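K.L.:
To start, I am sharing the structure in question, which I have written as structure tokens.
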Amino acid sequence: MKSENIQDKKSLYLYVVGGFITLVVVILLCFGLLLGVNYFLGDYTYVYDNGVSLKRQIKAGAYIQSDEEGFYEDYYRLSPGKSLGKRGYFEILDETGQVIYCNNPKVKTKDYTAYQLAYMPKLRQRNYFNILQLKAKGGKKYSLINFIISPIPGKEDENRIMVLDSHRKIVYSNFRRINTVVSKEELDYLKKLSDLGGEEDGMLSQQYRFKNHYDQVRYLVVHYEDPDFAYVRSVQRIQRCTVVIFIGLIVLAVLAIGFVLSSRMKKSLDLLREAMNDFAEGKRRQIDYNFRTADFEQVAQTFNLMERKLQESEREQEMLQQQKQKMLADISHDLKTPITVITGYVDAIRDGIVPEGEQMRYLDIVSRKASLLSELINSFNDYSRLEHPEYELSCEEDDFCEYVREYAAGKYQELAVAGFSLEAEIPEEKMMFFFDHLLMRRAFENIFSNAIRYCPKGSGIAILLLKWEGQLLLRIADDGPGIPKEIRESVFEPFVVAETARTTGQGSGLGLSISKKIVELHKGSIRILSPEEWEKGTCYEIRFPLS
């Protein structure tokens, strides 16, 4: 495959995310454009003074005109501008509530009653109405009328309450009224205001009472669209349009992204499919193609890696098969040699070939060969048991320093008789460790047996134990000739001995393999220090984790 940095390529994820980011940007742009169009076309208008500008004009006398006959009222000169919104208008009433002027000729005006003007909020105020039906003890029914006057900012709300009996007679009121009975028309009007929340068709009404130049009472009644109502209505329209546009864009984006991805990825998928089909048919080949996306590049590299590992696995399997054949040949040789000696010597004694004076020496040789044969069989059996995945250790917590110290003391006399010296450097502190006592002794015995077998008499053996970086570090060293360089890396493998011809009969080649297996079962590690780390002889370094 062509070598190229995968990090320099886009991933399939980025292709998909890029398409959706484009979709989101388009939707946001359309939504913003729609908001702007609705705003500038006046779909909703924010009200700035709600008739305050008209109040100023009235105070300034802008409606007063004069001619030869004197002064007269001309309310046509009053201009609300945009202060009442798109649907807003104003009316001028006389003191009886009769409409004498309306700036919007399309509006069908109606005269106002006294109670309508009484309940109508003043400029820059809002009135909120609520009517509750109550039933007292004895079955009498009452109507609780509560309306709140919300004044201009900076002043507290004014809460007014009026209680009526079943005959609309005022039982209680916290504000002054001329009459003591509420008419049916007035009550119906209050109920209507309560149901509509103080407004009708999203329109708010407010009044301003003033006197003209003849000291006649006039009312300015302004009607303007509630900004909140207008805003909600406009937003609803925008949302409906946005949903339609959004659905359309989603459909287009999905189709576009699907087409782009399909056209770009089809060739890559075909190449991968062909390579996998060939692999299934046993045809091994590497995928050599420069993919456009990092994801397919990684899949191809993973496929190539799998193919290489499979080839390596087949080679390793072949090597294992060869090692297995060699192991069987070694086992056959190791067993055949003592059996041949035993058979030959027993036949010689049985046939009378061996003189009586030599028979005891021959029997001693037969006994030693039988012991060697038993040792070989035991080694094979131990190695097989330790290799079993379900083998369990019999661990107990003990002071590892004391255990090594007792083992060294027990070996001292044996080594002295065999012509070897022993030195031990073991700390006095306790080092508690979970381990299998019998297996650990077997591991030590194999290492010591190996040293005794290959070192000349007069050699020294040393034991060093210490705590190092949270581990137990044990070194067993000798000052013998050392392990040959050609087998130093493979000395812990099964059936590896110093004499490749295997004619000395000194061992099975399983001792160090068994020791390594025991150490690894205790989550430890064992190695032979290099000549740079240990100048003379052989030094085995064993590490166990303390945790």
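Each chain in the structure tokens gets a letter, A, B, ..., in the order shown, and its residues are numbered from 1; ligands are numbered from 1 in order too.
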Could you write out, as a PyMOL selection string, all the residues of region 321-530 of chain A that DSSP marks as helix (DSSP H, G or I)?
P.N.:
chain A and resi 321-350+356-387+400-418+437-454+485-487+511-521
K.L.:
Need to verify the contact set: region 384-388 of chain A, 9 Å, only C-alpha atoms, exclusion of same-chain residues closer than 6 positions in sequence. Can you return it as a compact mmCIF listing (two decimals) with N, CA and C atoms, in the first residue's frame?
P.N.:
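What follows is the written file result30.txt:
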# COMPACT_ATOMS: atom_id res chain seq x y z
N ILE A 514 10.85 -25.36 34.18
CA ILE A 514 9.93 -25.52 35.31
C ILE A 514 10.08 -24.35 36.28
N LYS A 517 8.33 -21.35 34.89
CA LYS A 517 6.87 -21.49 34.97
C LYS A 517 6.37 -21.23 36.38
N ILE A 518 7.11 -21.72 37.39
CA ILE A 518 6.71 -21.50 38.79
C ILE A 518 6.76 -20.02 39.13
N LEU A 521 3.84 -18.25 37.53
CA LEU A 521 2.59 -18.53 38.22
C LEU A 521 2.43 -17.65 39.45
K.L.:
So, with only C-alpha atoms as the atoms that count, which of A:Pro121, A:Gly410, A:Pro484, A:Pro105 lies closest to Tyr208 (chain A)?
P.N.:
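Smallest separation from Tyr208 (chain A) among the options: A:Pro121.
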K.L.:
Just the residues within 12 Å of region 114-119 of chain A, please, counting only C-alpha atoms, with nothing from its chain fewer than 2 positions along; format it as a CSV table (one decimal) with N, CA and C atoms, in the first residue's frame.
P.N.:
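Contents of out.csv, freshly written:
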chain,number,residue,atom,x,y,z
A,93,LEU,N,-63.4,61.3,22.4
A,93,LEU,CA,-64.7,61.2,22.9
A,93,LEU,C,-65.1,62.5,23.6
A,94,ASP,N,-66.4,62.8,23.7
A,94,ASP,CA,-66.8,63.9,24.5
A,94,ASP,C,-67.1,63.4,25.9
A,95,GLU,N,-67.6,64.3,26.7
A,95,GLU,CA,-67.8,64.0,28.1
A,95,GLU,C,-68.8,62.9,28.4
A,96,THR,N,-69.7,62.7,27.4
A,96,THR,CA,-70.7,61.6,27.5
A,96,THR,C,-70.2,60.3,26.9
A,97,GLY,N,-69.0,60.2,26.4
A,97,GLY,CA,-68.5,59.0,25.8
A,97,GLY,C,-68.8,58.8,24.3
A,98,GLN,N,-69.4,59.9,23.7
A,98,GLN,CA,-69.7,59.8,22.3
A,98,GLN,C,-68.4,60.1,21.5
A,110,LYS,N,-68.1,53.0,18.2
A,110,LYS,CA,-69.3,52.9,19.1
A,110,LYS,C,-69.1,53.8,20.2
A,111,ASP,N,-70.1,54.3,20.7
A,111,ASP,CA,-70.0,55.2,21.9
A,111,ASP,C,-69.7,54.4,23.1
A,112,TYR,N,-69.0,55.0,24.1
A,112,TYR,CA,-68.6,54.4,25.3
A,112,TYR,C,-69.5,54.7,26.4
A,121,PRO,N,-58.0,51.4,31.5
A,121,PRO,CA,-56.7,51.9,32.1
A,121,PRO,C,-56.3,53.3,31.5
A,122,LYS,N,-55.6,54.0,32.3
A,122,LYS,CA,-55.0,55.3,31.8
A,122,LYS,C,-53.8,54.9,30.9
A,125,GLN,N,-50.8,52.2,31.5
A,125,GLN,CA,-51.2,51.3,32.5
A,125,GLN,C,-51.8,50.1,31.9
A,126,ARG,N,-51.9,49.0,32.7
A,126,ARG,CA,-52.6,47.8,32.3
A,126,ARG,C,-53.6,47.4,33.4
A,127,ASN,N,-54.8,47.0,33.1
A,127,ASN,CA,-55.7,46.5,34.1
A,127,ASN,C,-55.9,45.0,33.8
A,128,TYR,N,-55.9,44.2,34.9
A,128,TYR,CA,-56.2,42.8,34.8
A,128,TYR,C,-57.4,42.4,35.7
A,129,PHE,N,-58.3,41.7,35.1
A,129,PHE,CA,-59.6,41.4,35.7
A,129,PHE,C,-59.7,39.9,36.0
A,146,ASN,N,-62.1,41.1,41.1
A,146,ASN,CA,-60.8,41.6,41.5
A,146,ASN,C,-60.1,42.1,40.2
A,147,PHE,N,-59.7,43.4,40.2
A,147,PHE,CA,-58.9,43.9,39.1
A,147,PHE,C,-57.7,44.7,39.6
A,148,ILE,N,-56.6,44.5,38.9
A,148,ILE,CA,-55.3,45.0,39.3
A,148,ILE,C,-54.9,46.1,38.3
A,149,ILE,N,-54.6,47.2,38.9
A,149,ILE,CA,-54.1,48.3,38.0
A,149,ILE,C,-52.6,48.3,38.1
A,160,ARG,N,-57.8,46.3,43.4
A,160,ARG,CA,-59.2,46.7,43.8
A,160,ARG,C,-60.1,45.5,43.8
A,175,PHE,N,-63.0,50.7,46.8
A,175,PHE,CA,-62.8,52.0,46.1
A,175,PHE,C,-64.2,52.6,46.0
A,176,ARG,N,-64.2,53.9,45.9
A,176,ARG,CA,-65.5,54.7,45.9
A,176,ARG,C,-66.3,54.5,44.6
A,177,ARG,N,-67.6,54.3,44.8
A,177,ARG,CA,-68.5,54.3,43.7
A,177,ARG,C,-69.7,55.1,44.0
A,178,ILE,N,-70.3,55.7,42.9
A,178,ILE,CA,-71.5,56.5,43.1
A,178,ILE,C,-72.8,55.6,43.4
A,179,ASN,N,-72.9,54.6,42.5
A,179,ASN,CA,-74.1,53.7,42.6
A,179,ASN,C,-73.7,52.5,43.5
A,182,VAL,N,-74.6,47.2,40.6
A,182,VAL,CA,-73.9,47.0,39.3
A,182,VAL,C,-74.9,46.5,38.3
A,183,SER,N,-75.0,47.2,37.2
A,183,SER,CA,-76.0,46.8,36.2
A,183,SER,C,-75.6,45.5,35.5
A,184,LYS,N,-76.6,44.8,34.9
A,184,LYS,CA,-76.3,43.6,34.2
A,184,LYS,C,-75.3,43.8,33.1
A,185,GLU,N,-75.4,44.9,32.3
A,185,GLU,CA,-74.5,45.2,31.2
A,185,GLU,C,-73.1,45.4,31.7
A,186,GLU,N,-73.0,46.1,32.9
A,186,GLU,CA,-71.6,46.4,33.4
A,186,GLU,C,-71.0,45.1,33.9
A,187,LEU,N,-71.8,44.2,34.5
A,187,LEU,CA,-71.3,42.9,35.0
A,187,LEU,C,-70.9,42.0,33.8
A,188,ASP,N,-71.7,42.0,32.7
A,188,ASP,CA,-71.3,41.2,31.5
A,188,ASP,C,-70.1,41.8,30.9
A,189,TYR,N,-69.9,43.1,31.0
A,189,TYR,CA,-68.7,43.7,30.4
A,189,TYR,C,-67.4,43.3,31.2
A,190,LEU,N,-67.6,43.3,32.6
A,190,LEU,CA,-66.5,42.8,33.4
A,190,LEU,C,-66.1,41.4,33.2
A,192,LYS,N,-66.6,39.8,30.4
A,192,LYS,CA,-65.9,39.7,29.1
A,192,LYS,C,-64.4,40.1,29.2
A,193,LEU,N,-64.2,41.2,30.0
A,193,LEU,CA,-62.8,41.6,30.2
A,193,LEU,C,-62.0,40.5,31.0
A,194,SER,N,-62.7,39.8,31.9
A,194,SER,CA,-62.0,38.7,32.7
A,194,SER,C,-61.6,37.6,31.8
A,198,GLY,N,-58.4,41.3,29.7
A,198,GLY,CA,-58.3,42.8,29.6
A,198,GLY,C,-58.1,43.3,28.2
A,199,GLU,N,-58.2,42.4,27.2
A,199,GLU,CA,-58.0,42.8,25.8
A,199,GLU,C,-58.9,42.0,24.9
A,205,SER,N,-56.6,48.9,25.0
A,205,SER,CA,-57.2,50.2,25.0
A,205,SER,C,-56.8,51.0,26.3
A,206,GLN,N,-56.4,52.2,26.1
A,206,GLN,CA,-56.1,53.1,27.2
A,206,GLN,C,-56.7,54.5,26.9
A,207,GLN,N,-56.9,55.3,28.0
A,207,GLN,CA,-57.5,56.6,27.9
A,207,GLN,C,-56.7,57.7,28.6
A,208,TYR,N,-57.0,58.9,28.1
A,208,TYR,CA,-56.4,60.1,28.7
A,208,TYR,C,-57.5,61.1,28.7
A,209,ARG,N,-57.8,61.6,29.9
A,209,ARG,CA,-58.8,62.6,30.1
A,209,ARG,C,-58.2,64.0,30.1
A,218,ARG,N,-62.8,66.1,27.4
A,218,ARG,CA,-62.6,65.2,26.3
A,218,ARG,C,-61.8,64.0,26.8
A,219,TYR,N,-62.0,62.9,26.0
A,219,TYR,CA,-61.2,61.7,26.3
A,219,TYR,C,-60.4,61.3,25.0
A,220,LEU,N,-59.1,61.0,25.2
A,220,LEU,CA,-58.3,60.4,24.2
A,220,LEU,C,-58.3,58.9,24.4
A,221,VAL,N,-58.8,58.1,23.6
A,221,VAL,CA,-58.8,56.6,23.7
A,221,VAL,C,-57.9,56.1,22.6
K.L.:
With only C-alpha atoms as the basis for distance, which of A:Ile247, A:Ala253, A:Leu510, A:Leu439 is at the shortest distance from Gly18 (chain A)?
P.N.:
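So, comparing all the options, the nearest one is A:Ala253.
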K.L.:
Could you list, as an NGL selection string, every residue within 10 Å of Phe420 (chain A), counting only C-alpha atoms and ignoring same-chain residues fewer than 4 positions away?
P.N.:
:A and (412-416 or 451-452 or 455-461 or 478)
K.L.:
Can you spit out the residues from that selection as a short mmCIF file (atom, residue, chain, number, x, y, z; two decimals), in the first residue's frame, using N, CA and C atoms?
P.N.:
data_model
loop_
_atom_site.label_atom_id
_atom_site.label_comp_id
_atom_site.auth_asym_id
_atom_site.auth_seq_id
_atom_site.Cartn_x
_atom_site.Cartn_y
_atom_site.Cartn_z
N TYR A 412 23.36 -25.47 52.90
CA TYR A 412 24.77 -25.17 53.20
C TYR A 412 25.60 -26.45 53.32
N GLN A 413 25.14 -27.41 54.13
CA GLN A 413 25.90 -28.65 54.36
C GLN A 413 25.99 -29.48 53.08
N GLU A 414 24.86 -29.54 52.33
CA GLU A 414 24.85 -30.31 51.09
C GLU A 414 25.87 -29.76 50.09
N LEU A 415 25.93 -28.42 49.96
CA LEU A 415 26.88 -27.82 49.03
C LEU A 415 28.33 -28.01 49.50
N ALA A 416 28.51 -27.95 50.81
CA ALA A 416 29.87 -28.13 51.34
C ALA A 416 30.39 -29.53 51.05
N ALA A 451 23.44 -25.12 38.69
CA ALA A 451 24.76 -24.57 39.04
C ALA A 451 25.75 -25.68 39.42
N ILE A 452 25.26 -26.65 40.24
CA ILE A 452 26.15 -27.74 40.66
C ILE A 452 26.57 -28.61 39.47
N CYS A 455 29.09 -26.27 37.13
CA CYS A 455 30.23 -25.54 37.72
C CYS A 455 31.24 -26.54 38.30
N PRO A 456 32.51 -26.25 38.19
CA PRO A 456 33.51 -27.15 38.76
C PRO A 456 33.52 -27.07 40.28
N LYS A 457 34.04 -28.13 40.92
CA LYS A 457 34.13 -28.10 42.38
C LYS A 457 35.02 -26.97 42.82
N GLY A 458 34.67 -26.39 43.96
CA GLY A 458 35.40 -25.24 44.45
C GLY A 458 34.75 -23.92 44.07
N SER A 459 33.70 -23.98 43.24
CA SER A 459 32.99 -22.76 42.85
C SER A 459 32.13 -22.27 44.01
N GLY A 460 31.81 -21.00 43.96
CA GLY A 460 30.97 -20.41 45.00
C GLY A 460 29.60 -20.04 44.46
N ILE A 461 28.60 -20.15 45.34
CA ILE A 461 27.23 -19.78 45.00
C ILE A 461 26.76 -18.73 46.01
N ASP A 478 26.51 -17.80 40.57
CA ASP A 478 27.68 -18.65 40.76
C ASP A 478 28.84 -18.04 39.99
#
K.L.:
Compare A:Glu489, A:Arg284, A:Ser234, A:Arg543 by their minimum atom-to-atom distance to Lys523 (chain A), counting only C-alpha atoms, and give me the closest one.
P.N.:
A:Arg543
